[in-house]
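J.: Take a look at start_24.txt, compact mmCIF, C-alpha atoms and all ligand atoms:
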```txt
# COMPACT_ATOMS: atom_id res chain seq x y z
CA MET A 1 -12.56 -12.73 205.19
CA THR A 2 -13.04 -8.97 205.08
CA GLU A 3 -16.33 -7.30 205.94
CA TYR A 4 -16.57 -6.14 202.36
CA LEU A 5 -16.32 -9.67 200.96
CA GLU A 6 -18.89 -10.82 203.49
CA LYS A 7 -21.21 -8.10 202.21
CA VAL A 8 -20.62 -9.19 198.61
CA LEU A 9 -21.33 -12.82 199.47
CA SER A 10 -24.53 -11.96 201.34
CA ASN A 11 -26.10 -11.34 197.94
CA PHE A 12 -25.72 -14.98 196.88
CA PRO A 13 -27.81 -17.87 198.30
CA LEU A 14 -24.91 -20.18 199.16
CA ASN A 15 -25.24 -23.66 200.59
CA GLY A 16 -24.25 -22.96 204.23
CA ARG A 17 -22.49 -19.95 205.71
CA ALA A 18 -19.27 -18.76 204.11
CA VAL A 19 -16.38 -19.19 206.56
CA TYR A 20 -13.42 -18.68 204.22
CA CYS A 21 -12.87 -16.39 201.28
CA GLU A 22 -9.31 -15.83 200.03
CA ARG A 23 -7.54 -15.00 196.75
CA TYR A 24 -7.16 -18.00 194.50
CA GLY A 25 -5.59 -19.09 191.20
CA CYS A 26 -3.20 -17.44 188.76
CA GLY A 27 -5.41 -15.38 186.44
CA HIS A 28 -4.12 -12.05 185.13
CA ILE A 29 -7.49 -10.37 184.72
CA ASN A 30 -10.23 -11.00 187.27
CA GLU A 31 -9.89 -11.03 191.04
CA THR A 32 -10.65 -14.62 191.99
CA TYR A 33 -11.49 -15.96 195.48
CA LEU A 34 -12.13 -19.42 196.83
CA VAL A 35 -15.14 -19.53 199.13
CA VAL A 36 -15.69 -22.36 201.61
CA CYS A 37 -18.99 -22.79 203.45
CA THR A 38 -19.91 -24.53 206.73
CA SER A 39 -21.65 -27.23 204.66
CA GLY A 40 -18.36 -28.03 202.92
CA TYR A 41 -19.63 -26.56 199.67
CA ARG A 42 -17.03 -24.50 197.82
CA TYR A 43 -17.48 -21.71 195.32
CA ILE A 44 -15.47 -19.41 193.13
CA LEU A 45 -16.17 -15.72 193.71
CA GLN A 46 -14.86 -13.25 191.15
CA LYS A 47 -14.68 -9.52 190.89
CA ILE A 48 -15.12 -9.00 187.17
CA SER A 49 -12.27 -6.97 185.71
CA SER A 50 -12.95 -3.39 184.73
CA ALA A 51 -11.49 -4.36 181.32
CA PHE A 52 -15.01 -5.57 180.60
CA LYS A 53 -17.20 -2.57 179.94
CA ASP A 54 -20.45 -4.37 179.17
CA VAL A 55 -20.88 -6.74 182.11
CA ASP A 56 -24.53 -7.40 181.27
CA GLY A 57 -23.54 -8.52 177.78
CA LEU A 58 -20.63 -10.58 179.05
CA MET A 59 -22.71 -12.44 181.63
CA GLU A 60 -25.48 -12.97 179.09
CA ASN A 61 -22.87 -14.60 176.82
CA ILE A 62 -21.68 -16.91 179.60
CA ALA A 63 -25.23 -17.81 180.65
CA SER A 64 -26.36 -18.65 177.13
CA VAL A 65 -23.24 -20.57 176.12
CA THR A 66 -23.22 -22.69 179.31
CA ARG A 67 -26.96 -23.34 178.96
CA TYR A 68 -26.41 -24.42 175.35
CA ILE A 69 -23.54 -26.79 176.21
CA ARG A 70 -25.52 -28.34 179.04
CA GLN A 71 -27.82 -29.97 176.48
CA PHE A 72 -24.93 -32.24 175.44
CA THR A 73 -24.14 -33.56 178.93
CA ASP A 74 -25.61 -34.62 182.29
CA ASP A 75 -22.29 -34.23 184.10
CA PRO A 76 -22.38 -31.08 186.28
CA ARG A 77 -18.60 -30.77 185.99
CA ALA A 78 -18.69 -30.74 182.18
CA VAL A 79 -19.74 -27.10 182.07
CA MET A 80 -19.48 -24.12 184.41
CA THR A 81 -22.47 -23.31 186.65
CA ILE A 82 -23.37 -19.74 187.55
CA VAL A 83 -24.81 -19.22 191.04
CA GLN A 84 -27.41 -16.50 190.65
CA THR A 85 -27.94 -13.75 193.20
CA SER A 86 -30.92 -13.85 195.56
CA GLU A 87 -32.59 -11.50 193.07
CA GLY A 88 -32.14 -14.01 190.25
CA LYS A 89 -29.34 -12.09 188.47
CA ASP A 90 -26.17 -13.57 187.03
CA TYR A 91 -23.95 -11.09 188.91
CA LYS A 92 -24.14 -8.44 191.63
CA ARG A 93 -23.19 -4.81 191.05
CA MET A 94 -22.12 -3.27 194.38
CA GLU A 95 -22.72 0.35 195.34
CA ASP A 96 -19.10 1.20 194.47
CA GLY A 97 -19.74 -0.03 190.91
CA THR A 98 -17.71 -3.26 191.12
CA CYS A 99 -19.32 -6.40 189.68
CA TRP A 100 -19.15 -9.80 191.34
CA ARG A 101 -20.22 -13.31 190.32
CA VAL A 102 -20.17 -16.77 191.84
CA TYR A 103 -19.63 -20.16 190.20
CA ASP A 104 -19.88 -23.64 191.65
CA PHE A 105 -16.38 -24.81 192.43
CA ILE A 106 -15.44 -27.65 190.10
CA GLU A 107 -14.42 -30.28 192.66
CA ASN A 108 -11.86 -33.05 192.33
CA SER A 109 -10.29 -31.28 189.43
CA LEU A 110 -6.90 -29.99 188.35
CA CYS A 111 -6.06 -26.68 186.76
CA LEU A 112 -2.48 -26.70 185.48
CA GLN A 113 -0.05 -23.88 184.70
CA LYS A 114 2.08 -26.24 182.63
CA PRO A 115 1.31 -29.67 181.20
CA GLU A 116 2.88 -32.26 183.49
CA THR A 117 2.67 -34.88 180.75
CA PRO A 118 1.90 -34.62 177.01
CA GLU A 119 -1.40 -36.35 177.79
CA ASP A 120 -2.45 -33.35 179.95
CA PHE A 121 -1.89 -31.10 176.97
CA TYR A 122 -3.74 -33.53 174.69
CA GLN A 123 -6.71 -33.37 177.08
CA SER A 124 -6.71 -29.57 176.98
CA ALA A 125 -6.87 -29.81 173.18
CA VAL A 126 -9.85 -32.14 173.53
CA ALA A 127 -11.50 -29.64 175.90
CA PHE A 128 -11.10 -26.65 173.57
CA GLY A 129 -11.77 -28.70 170.42
CA SER A 130 -15.00 -30.03 171.94
CA PHE A 131 -16.02 -26.54 173.01
CA GLN A 132 -15.55 -25.37 169.42
CA GLN A 133 -17.41 -28.39 168.04
CA GLN A 134 -20.32 -28.14 170.52
CA LEU A 135 -20.87 -24.51 169.57
CA GLN A 136 -20.77 -25.03 165.80
CA ASN A 137 -24.50 -24.38 165.44
CA PHE A 138 -24.80 -21.80 168.19
CA PRO A 139 -26.16 -18.53 166.76
CA ALA A 140 -22.91 -16.53 166.94
CA ASP A 141 -24.64 -13.23 166.11
CA THR A 142 -26.55 -13.35 169.43
CA LEU A 143 -23.30 -13.00 171.40
CA HIS A 144 -21.99 -9.65 172.60
CA GLU A 145 -18.42 -8.61 171.86
CA SER A 146 -17.16 -8.55 175.46
CA ILE A 147 -13.93 -6.83 174.38
CA PRO A 148 -14.24 -5.35 170.88
CA ASN A 149 -11.34 -6.19 168.56
CA PHE A 150 -9.92 -8.61 171.12
CA HIS A 151 -7.93 -10.70 168.65
CA ASN A 152 -7.83 -8.13 165.89
CA THR A 153 -4.05 -8.22 165.52
CA PRO A 154 -3.80 -5.13 163.25
CA ASP A 155 -5.81 -3.19 165.83
CA ARG A 156 -3.42 -4.37 168.56
CA TYR A 157 -0.63 -2.93 166.40
CA ARG A 158 -2.50 0.36 166.13
CA ILE A 159 -2.75 0.61 169.93
CA PHE A 160 0.90 -0.39 170.27
CA LYS A 161 2.02 2.39 167.92
CA GLU A 162 -0.18 4.95 169.67
CA THR A 163 1.29 4.00 173.04
CA LEU A 164 4.80 4.03 171.60
CA ALA A 165 4.28 7.55 170.23
CA LYS A 166 3.16 8.77 173.67
CA ASP A 167 5.71 6.70 175.59
CA PRO A 168 4.02 7.73 178.87
CA MET A 169 6.58 6.07 181.17
CA GLY A 170 9.65 6.96 179.11
CA ARG A 171 10.40 3.24 178.69
CA ALA A 172 10.67 3.06 174.89
CA ALA A 173 14.38 3.83 174.65
CA GLU A 174 15.36 0.78 176.72
CA VAL A 175 13.31 -1.67 174.63
CA LYS A 176 14.35 -0.68 171.12
CA GLU A 177 15.15 -4.25 170.14
CA GLU A 178 11.67 -5.46 171.09
CA ILE A 179 10.02 -2.51 169.33
CA ASP A 180 11.96 -3.28 166.15
CA PHE A 181 10.92 -6.90 166.36
CA VAL A 182 7.25 -5.92 166.53
CA LEU A 183 7.50 -3.44 163.65
CA SER A 184 9.35 -5.92 161.45
CA ARG A 185 6.39 -8.35 161.61
CA GLU A 186 3.62 -5.80 161.04
CA LYS A 187 2.86 -6.90 157.46
CA GLU A 188 1.93 -10.39 158.56
CA ALA A 189 -0.36 -9.19 161.35
CA SER A 190 -3.40 -8.92 159.08
CA VAL A 191 -3.18 -12.29 157.30
CA LEU A 192 -6.02 -13.93 159.25
CA THR A 193 -8.31 -10.91 159.54
CA ASP A 194 -7.95 -10.41 155.77
CA MET A 195 -8.93 -14.03 155.13
CA LEU A 196 -11.97 -13.54 157.34
CA LYS A 197 -12.95 -10.42 155.38
CA ASN A 198 -12.54 -12.27 152.08
CA GLY A 199 -14.71 -15.15 153.24
CA GLU A 200 -11.77 -17.57 153.21
CA LEU A 201 -12.18 -18.32 156.93
CA PRO A 202 -15.53 -18.78 158.72
CA LEU A 203 -16.63 -16.74 161.72
CA ARG A 204 -17.23 -19.08 164.66
CA VAL A 205 -18.02 -18.95 168.36
CA THR A 206 -14.64 -19.03 170.04
CA HIS A 207 -13.26 -18.95 173.58
CA ASN A 208 -10.38 -16.59 172.75
CA ASP A 209 -8.33 -17.23 175.89
CA THR A 210 -7.35 -20.86 175.56
CA LYS A 211 -4.51 -21.06 178.04
CA LEU A 212 -3.96 -24.37 179.76
CA ASN A 213 -5.03 -22.81 183.06
CA ASN A 214 -8.46 -22.19 181.60
CA VAL A 215 -9.14 -25.95 181.38
CA MET A 216 -10.22 -28.25 184.19
CA LEU A 217 -9.07 -31.88 184.22
CA ASP A 218 -10.42 -34.65 186.43
CA GLU A 219 -8.03 -35.11 189.34
CA VAL A 220 -8.07 -38.92 189.11
CA THR A 221 -8.50 -39.78 185.44
CA ARG A 222 -6.81 -36.53 184.25
CA LYS A 223 -9.34 -36.41 181.41
CA ALA A 224 -10.78 -33.08 180.24
CA LEU A 225 -13.80 -31.90 182.21
CA CYS A 226 -14.57 -28.47 180.79
CA VAL A 227 -13.18 -25.10 179.83
CA ILE A 228 -13.54 -22.15 182.20
CA ASP A 229 -12.92 -18.38 181.98
CA LEU A 230 -15.61 -17.74 179.37
CA ASP A 231 -15.35 -13.93 179.58
CA THR A 232 -13.96 -13.60 176.09
CA THR A 233 -16.27 -16.12 174.42
CA MET A 234 -17.57 -14.32 171.36
CA PRO A 235 -17.49 -14.57 167.57
CA GLY A 236 -13.94 -15.18 166.33
CA LEU A 237 -11.68 -17.53 164.39
CA SER A 238 -11.00 -21.14 165.37
CA LEU A 239 -7.34 -20.26 164.75
CA TYR A 240 -7.40 -17.85 167.68
CA ASP A 241 -8.30 -20.71 170.00
CA PHE A 242 -5.82 -23.14 168.51
CA GLY A 243 -3.07 -20.53 168.36
CA ASP A 244 -3.41 -19.24 171.90
CA SER A 245 -3.19 -22.78 173.25
CA ILE A 246 0.05 -23.43 171.39
CA ARG A 247 1.45 -20.08 172.50
CA PHE A 248 0.99 -20.98 176.15
CA GLY A 249 0.99 -24.76 176.39
CA ALA A 250 3.60 -25.79 173.80
CA ALA A 251 6.14 -23.37 175.27
CA THR A 252 8.98 -25.04 177.15
CA ALA A 253 9.10 -22.32 179.82
CA ALA A 254 6.80 -20.05 181.80
CA GLU A 255 5.24 -17.02 180.13
CA ASP A 256 7.48 -14.70 182.19
CA GLU A 257 10.72 -16.74 182.08
CA LYS A 258 13.76 -14.44 182.18
CA ASP A 259 16.22 -16.94 180.73
CA LEU A 260 15.25 -16.93 177.07
CA SER A 261 17.50 -19.87 176.28
CA LYS A 262 14.85 -21.99 178.02
CA VAL A 263 12.04 -20.74 175.80
CA GLU A 264 11.08 -22.78 172.75
CA MET A 265 7.97 -24.05 171.02
CA ASP A 266 8.12 -27.80 171.49
CA LEU A 267 7.22 -29.53 168.20
CA GLU A 268 6.10 -32.72 169.93
CA LEU A 269 3.70 -30.72 172.11
CA PHE A 270 2.54 -28.95 168.96
CA ARG A 271 1.80 -32.37 167.44
CA THR A 272 0.02 -33.55 170.58
CA TYR A 273 -2.27 -30.53 170.70
CA THR A 274 -2.97 -30.54 166.96
CA LYS A 275 -3.99 -34.19 167.13
CA GLY A 276 -6.38 -33.61 170.04
CA PHE A 277 -7.89 -30.44 168.59
CA LEU A 278 -8.51 -31.94 165.13
CA GLN A 279 -9.97 -35.12 166.58
CA ALA A 280 -12.35 -33.26 168.90
CA CYS A 281 -13.31 -30.72 166.24
CA PRO A 282 -13.65 -32.50 162.89
CA GLY A 283 -15.69 -29.64 161.44
CA LEU A 284 -12.73 -27.38 160.53
CA THR A 285 -12.47 -26.32 156.88
CA GLU A 286 -9.44 -26.98 154.69
CA ASN A 287 -8.34 -23.35 154.97
CA GLU A 288 -8.63 -23.44 158.75
CA ARG A 289 -6.42 -26.52 158.89
CA ALA A 290 -3.86 -25.01 156.54
CA MET A 291 -3.63 -21.87 158.67
CA LEU A 292 -3.17 -23.58 162.06
CA PRO A 293 0.57 -22.73 162.21
CA MET A 294 -0.23 -19.13 161.30
CA GLY A 295 -2.80 -19.06 164.12
CA ALA A 296 -0.08 -20.14 166.55
CA LYS A 297 2.37 -17.57 165.27
CA LEU A 298 -0.03 -14.62 165.16
CA MET A 299 -1.58 -15.28 168.57
CA THR A 300 1.93 -15.39 170.04
CA LEU A 301 3.03 -12.25 168.24
CA GLU A 302 -0.18 -10.47 169.24
CA CYS A 303 0.17 -11.45 172.88
CA GLY A 304 3.77 -10.21 172.87
CA VAL A 305 2.60 -6.92 171.35
CA ARG A 306 -0.04 -6.61 174.09
CA PHE A 307 2.50 -7.30 176.86
CA LEU A 308 4.96 -4.80 175.39
CA THR A 309 2.21 -2.20 174.97
CA ASP A 310 1.22 -2.65 178.60
CA TYR A 311 4.85 -2.35 179.66
CA LEU A 312 5.20 0.93 177.76
CA ASP A 313 1.90 2.10 179.21
CA GLY A 314 2.91 1.46 182.84
CA ASP A 315 1.43 -2.02 183.48
CA ASN A 316 -2.20 -1.04 183.67
CA TYR A 317 -3.83 -4.10 182.13
CA PHE A 318 -2.07 -7.37 183.01
CA ALA A 319 -1.54 -7.98 186.72
CA VAL A 320 2.19 -7.78 187.52
CA HIS A 321 3.88 -9.22 190.59
CA ARG A 322 7.32 -7.72 189.98
CA GLU A 323 8.93 -4.94 188.03
CA GLY A 324 9.59 -5.70 184.37
CA GLN A 325 7.27 -8.71 184.33
CA ASN A 326 5.35 -7.54 181.29
CA LEU A 327 8.60 -6.93 179.44
CA ASP A 328 9.78 -10.44 180.33
CA ARG A 329 6.45 -11.78 179.10
CA ALA A 330 6.80 -9.87 175.83
CA ARG A 331 10.32 -11.24 175.35
CA THR A 332 9.26 -14.86 175.78
CA GLN A 333 6.54 -14.35 173.19
CA PHE A 334 8.96 -12.88 170.65
CA LYS A 335 11.41 -15.71 171.29
CA LEU A 336 8.57 -18.16 170.61
CA VAL A 337 7.66 -16.38 167.37
CA ARG A 338 11.27 -16.64 166.19
CA ASP A 339 11.36 -20.28 167.14
CA MET A 340 8.13 -20.99 165.26
CA GLU A 341 9.57 -19.25 162.20
CA SER A 342 12.55 -21.58 162.30
CA LYS A 343 10.24 -24.62 162.65
CA TRP A 344 7.68 -23.43 160.09
CA ASN A 345 7.94 -26.32 157.63
CA ASP A 346 7.83 -28.91 160.38
CA MET A 347 4.71 -27.31 161.84
CA HIS A 348 2.94 -27.61 158.49
CA LYS A 349 4.13 -31.17 158.06
CA ILE A 350 2.76 -32.10 161.48
CA VAL A 351 -0.67 -30.62 160.70
CA LYS A 352 -0.80 -32.78 157.54
CA GLU A 353 0.22 -35.86 159.51
CA CYS A 354 -2.52 -35.23 162.10
CA GLU A 355 -5.31 -34.88 159.54
P1 LIG B 401 -8.86 -14.93 184.93
O1 LIG B 401 -9.71 -14.37 183.85
O2 LIG B 401 -8.35 -13.89 185.83
O3 LIG B 401 -7.81 -15.83 184.37
P2 LIG B 401 -10.31 -17.37 185.67
O4 LIG B 401 -11.79 -17.40 185.45
O5 LIG B 401 -9.49 -18.11 184.71
O6 LIG B 401 -9.84 -15.85 185.84
O7 LIG B 401 -10.04 -17.95 187.14
C1 LIG B 401 -8.75 -17.94 187.72
C2 LIG B 401 -8.43 -19.34 188.28
O8 LIG B 401 -9.41 -19.73 189.25
C3 LIG B 401 -8.45 -20.46 187.24
O9 LIG B 401 -7.24 -20.55 186.56
C4 LIG B 401 -8.76 -21.67 188.11
O10 LIG B 401 -7.60 -22.13 188.77
C5 LIG B 401 -9.68 -21.12 189.18
N1 LIG B 401 -11.11 -21.32 188.84
C6 LIG B 401 -11.91 -20.49 188.14
N2 LIG B 401 -13.17 -20.96 188.06
C7 LIG B 401 -13.16 -22.14 188.72
C8 LIG B 401 -14.20 -23.12 189.03
N3 LIG B 401 -15.46 -22.96 188.63
N4 LIG B 401 -13.83 -24.21 189.78
C9 LIG B 401 -12.56 -24.37 190.21
N5 LIG B 401 -11.56 -23.48 189.95
C10 LIG B 401 -11.85 -22.39 189.23
C1 LIG B 402 -5.17 -12.91 180.13
O1 LIG B 402 -7.49 -13.93 182.01
P1 LIG B 402 -6.27 -14.75 181.74
O2 LIG B 402 -5.19 -14.61 182.74
O3 LIG B 402 -6.69 -16.19 181.47
C2 LIG B 402 -5.76 -12.28 178.88
C3 LIG B 402 -5.41 -13.12 177.66
C4 LIG B 402 -3.89 -13.25 177.53
C5 LIG B 402 -3.36 -13.86 178.83
C6 LIG B 402 -1.85 -13.90 178.82
C7 LIG B 402 -9.29 -10.98 179.01
O4 LIG B 402 -5.73 -14.18 180.33
O5 LIG B 402 -5.91 -12.51 176.48
O6 LIG B 402 -3.55 -14.09 176.44
O7 LIG B 402 -3.77 -13.07 179.98
N1 LIG B 402 -7.21 -12.17 179.03
C8 LIG B 402 -7.84 -11.00 178.76
O8 LIG B 402 -1.43 -14.69 179.87
O9 LIG B 402 -7.26 -10.01 178.33
MG MG B 403 -8.02 -17.56 183.28
```
Can I see the file as structure tokens?
Ligand code: ADP
Ligand code: GN1
Ligand code: MG
T.:
Amino acid sequence: MTEYLEKVLSNFPLNGRAVYCERYGCGHINETYLVVCTSGYRYILQKISSAFKDVDGLMENIASVTRYIRQFTDDPRAVMTIVQTSEGKDYKRMEDGTCWRVYDFIENSLCLQKPETPEDFYQSAVAFGSFQQQLQNFPADTLHESIPNFHNTPDRYRIFKETLAKDPMGRAAEVKEEIDFVLSREKEASVLTDMLKNGELPLRVTHNDTKLNNVMLDEVTRKALCVIDLDTTMPGLSLYDFGDSIRFGAATAAEDEKDLSKVEMDLELFRTYTKGFLQACPGLTENERAMLPMGAKLMTLECGVRFLTDYLDGDNYFAVHREGQNLDRARTQFKLVRDMESKWNDMHKIVKECE
């Protein structure tokens, strides 16, 4: 453990002395560390990404949402627990301006990058569906927008086109095919935001980053424990949560797979997730149900647009571990969008069958 990390940790009243603190997990955004103490207690330490400008607002969101959910359960593993600083704050701002927080480590749990069985994916649907259901009466207007316009797909297009016009890395010429793909779907990008504006879809409290690796399962029973990574919890559409899960979890290959022939949206996994989500969250309106396939398609398109934008911009947002990784990520997303388009009628049929 570095001296710096030791200094960070000295601000938190941990159970025992920290003897280990190393990078952990596969997140793209925060810097995550596993901390082990002499007592055997383990914690998650995170440097909060500079993508979050209002850390006070973000941590207030997490504190109030976790407090609210705790009223529904006595199980400490059913919701994340913030470890406050010795000064009673939800995070520590260091002299260099970086912000750090600590959570209890959720023990005897699994966090998967890919469902190992359809049941794992079903359980993640139960976790995110329950989260949505538990927060149905939470006063959404008290939450801060931790990243403004996070799932505003038309706004993601605006940023894409701005970046494309600047082409700061001179990469646009080599990705013409991907750029054309994005531009050819621009009309559809505003379908959900328009429905929200017209009152056809309700504003809800949503997680907004519903990847499988943001769910914890019990190691033994493999049942859903809770959802983690609450940074982007804010007012949004239930379709964002549903759609982002399908984008990531119903894909037959990794998000950065180079061999696109391996990348498809698996209809049986789509069915599995839809069943779990609708069962855990019976409060969805008719319009929300009807737009579930569109949620999946637009979240996938939007994520591809974000990856491609970041590639054009020089990989400043998503952590990359090799050259071209963001481009590979964008390509898998576009392949998934195409695949969903070819399976469109089946997706709608499955939603009806799951109702
Ligand atoms: P990011 O925003 O970068 O994705 P996450 O909050 O999702 O960061 O954390 C990254 C990884 O760390 C998770 O995918 C999970 O494996 C692990 N993790 C995060 N919080 C906990 C926790 N409280 N208990 C156990 N593991 C955790
Ligand atoms: C980021 O934080 P993480 O790795 O769970 C991103 C999501 C993207 C995802 C793509 C705050 O998620 O929006 O869908 O990468 N989170 C943020 O893998 O931008
Ligand atoms: Mg995460």
J.: Throw together the list of residues within 8 Å of ligand LIG 402 (chain B), counting only C-alpha atoms and all ligand atoms, and drop it here as a list of chain:residue names.
T.: A:Cys26, A:Gly27, A:His28, A:Ile29, A:Asn30, A:Ala51, A:Ile147, A:Phe150, A:Asn208, A:Asp209, A:Thr210, A:Lys211, A:Asn213, A:Asn214, A:Asp229, A:Asp231, A:Thr232, A:Asp244, A:Phe248, A:Glu255, A:Cys303, A:Tyr317, A:Phe318
J.: Extract, using all atoms listed in the file, all DNA, RNA and protein residues at most 10 Å from Lys114 in chain A, discarding same-chain residues fewer than 3 positions from it, and format them as a PyMOL selection string.
T.: chain A and resi 111+117+120-121+211-213+248-254
J.: Now that the selection is made, can you save its residues with C-alpha atoms as a compact mmCIF listing (two decimals), in the frame of the given file?
T.:
```
# COMPACT_ATOMS: atom_id res chain seq x y z
CA CYS A 111 -6.06 -26.68 186.76
CA THR A 117 2.67 -34.88 180.75
CA ASP A 120 -2.45 -33.35 179.95
CA PHE A 121 -1.89 -31.10 176.97
CA LYS A 211 -4.51 -21.06 178.04
CA LEU A 212 -3.96 -24.37 179.76
CA ASN A 213 -5.03 -22.81 183.06
CA PHE A 248 0.99 -20.98 176.15
CA GLY A 249 0.99 -24.76 176.39
CA ALA A 250 3.60 -25.79 173.80
CA ALA A 251 6.14 -23.37 175.27
CA THR A 252 8.98 -25.04 177.15
CA ALA A 253 9.10 -22.32 179.82
CA ALA A 254 6.80 -20.05 181.80
```
J.: What's around Thr193 in chain A at 10 Å? Count only C-alpha atoms, leave out sequence neighbours fewer than 3 positions away in its own chain, and write the answer as a PDB file with C-alpha atoms, keeping the file's coordinate frame.
T.:
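Just written: selection06.pdb:
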```
ATOM      1  CA  HIS A 151      -7.930 -10.700 168.650  1.00  0.00           C
ATOM      2  CA  ASN A 152      -7.830  -8.130 165.890  1.00  0.00           C
ATOM      3  CA  THR A 153      -4.050  -8.220 165.520  1.00  0.00           C
ATOM      4  CA  PRO A 154      -3.800  -5.130 163.250  1.00  0.00           C
ATOM      5  CA  ALA A 189      -0.360  -9.190 161.350  1.00  0.00           C
ATOM      6  CA  SER A 190      -3.400  -8.920 159.080  1.00  0.00           C
ATOM      7  CA  LEU A 196     -11.970 -13.540 157.340  1.00  0.00           C
ATOM      8  CA  LYS A 197     -12.950 -10.420 155.380  1.00  0.00           C
ATOM      9  CA  ASN A 198     -12.540 -12.270 152.080  1.00  0.00           C
ATOM     10  CA  GLY A 199     -14.710 -15.150 153.240  1.00  0.00           C
ATOM     11  CA  GLU A 200     -11.770 -17.570 153.210  1.00  0.00           C
ATOM     12  CA  LEU A 201     -12.180 -18.320 156.930  1.00  0.00           C
ATOM     13  CA  GLY A 236     -13.940 -15.180 166.330  1.00  0.00           C
ATOM     14  CA  LEU A 237     -11.680 -17.530 164.390  1.00  0.00           C
TER      15      LEU A 237
END
```
J.: Find the residues near range 273-289 of chain A: any atom within 8 Å, counting all atoms listed in the file, skip ones fewer than 4 places away on the same chain, and give them as a list in words.
T.: Phe121, Tyr122, Gln123, Ser124, Ala125, Val126, Ala127, Phe128, Gly129, Ser130, Gln132, Gln133, Glu200, Leu201, Ser238, Leu239, Phe242, Ile246, Leu269, Val351, Cys354 and Glu355 of chain A
J.: Could the residues that lie within 9 Å of ligand LIG 401 (chain B), counting all atoms listed in the file, be listed as a PyMOL selection string?
T.: chain A and resi 24-34+42-46+48-49+77+79-82+102-113+209+211-216+228-232
J.: Considering only C-alpha atoms and all ligand atoms, can you say which of A:Leu135, A:Val227, A:Cys37, A:Ala296 comes closest to ligand MG 403 (chain B)?
T.: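 Looking only at the distances to ligand MG 403 (chain B), the closest residue turns out to be A:Val227.
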J.: Applying 12 Å and all atoms listed in the file, which residues near Tyr157 in chain A remain after dropping the ones on its own chain fewer than 6 positions away? List them as JSON, numbers by chain.
T.: {"A": [149, 150, 151, 163, 164, 179, 182, 183, 184, 185, 186, 187, 188, 189, 190, 298, 301, 302, 303, 304, 305, 306, 307, 308, 309]}
J.: Name the closest residue to Val55 in chain A among the candidates A:Phe131, A:Phe12, A:Thr38, A:Ser146; distances are taken between atoms, counting all atoms listed in the file.
T.: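 Residue with the minimum atom-to-atom distance to Val55 in chain A: A:Ser146.
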J.: CA of Thr85 in chain A and CA of Ala18 in chain A, how far apart in Å?
T.: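 Going from CA of Ala18 in chain A over to CA of Thr85 in chain A, I get 14.8 Å.
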J.: Just checking: using only C-alpha atoms, which residue out of A:Glu268, A:Glu3, A:Asp141, A:Asp218 ends up closest to Ala78 in chain A?
T.: A:Asp218
J.: For ligand MG 403 (chain B), which residue among A:Asp90, A:Gly57, A:His207, A:Phe160 is the nearest when counting only C-alpha atoms and all ligand atoms?
T.: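 Looking only at the distances to ligand MG 403 (chain B), the closest residue turns out to be A:His207.
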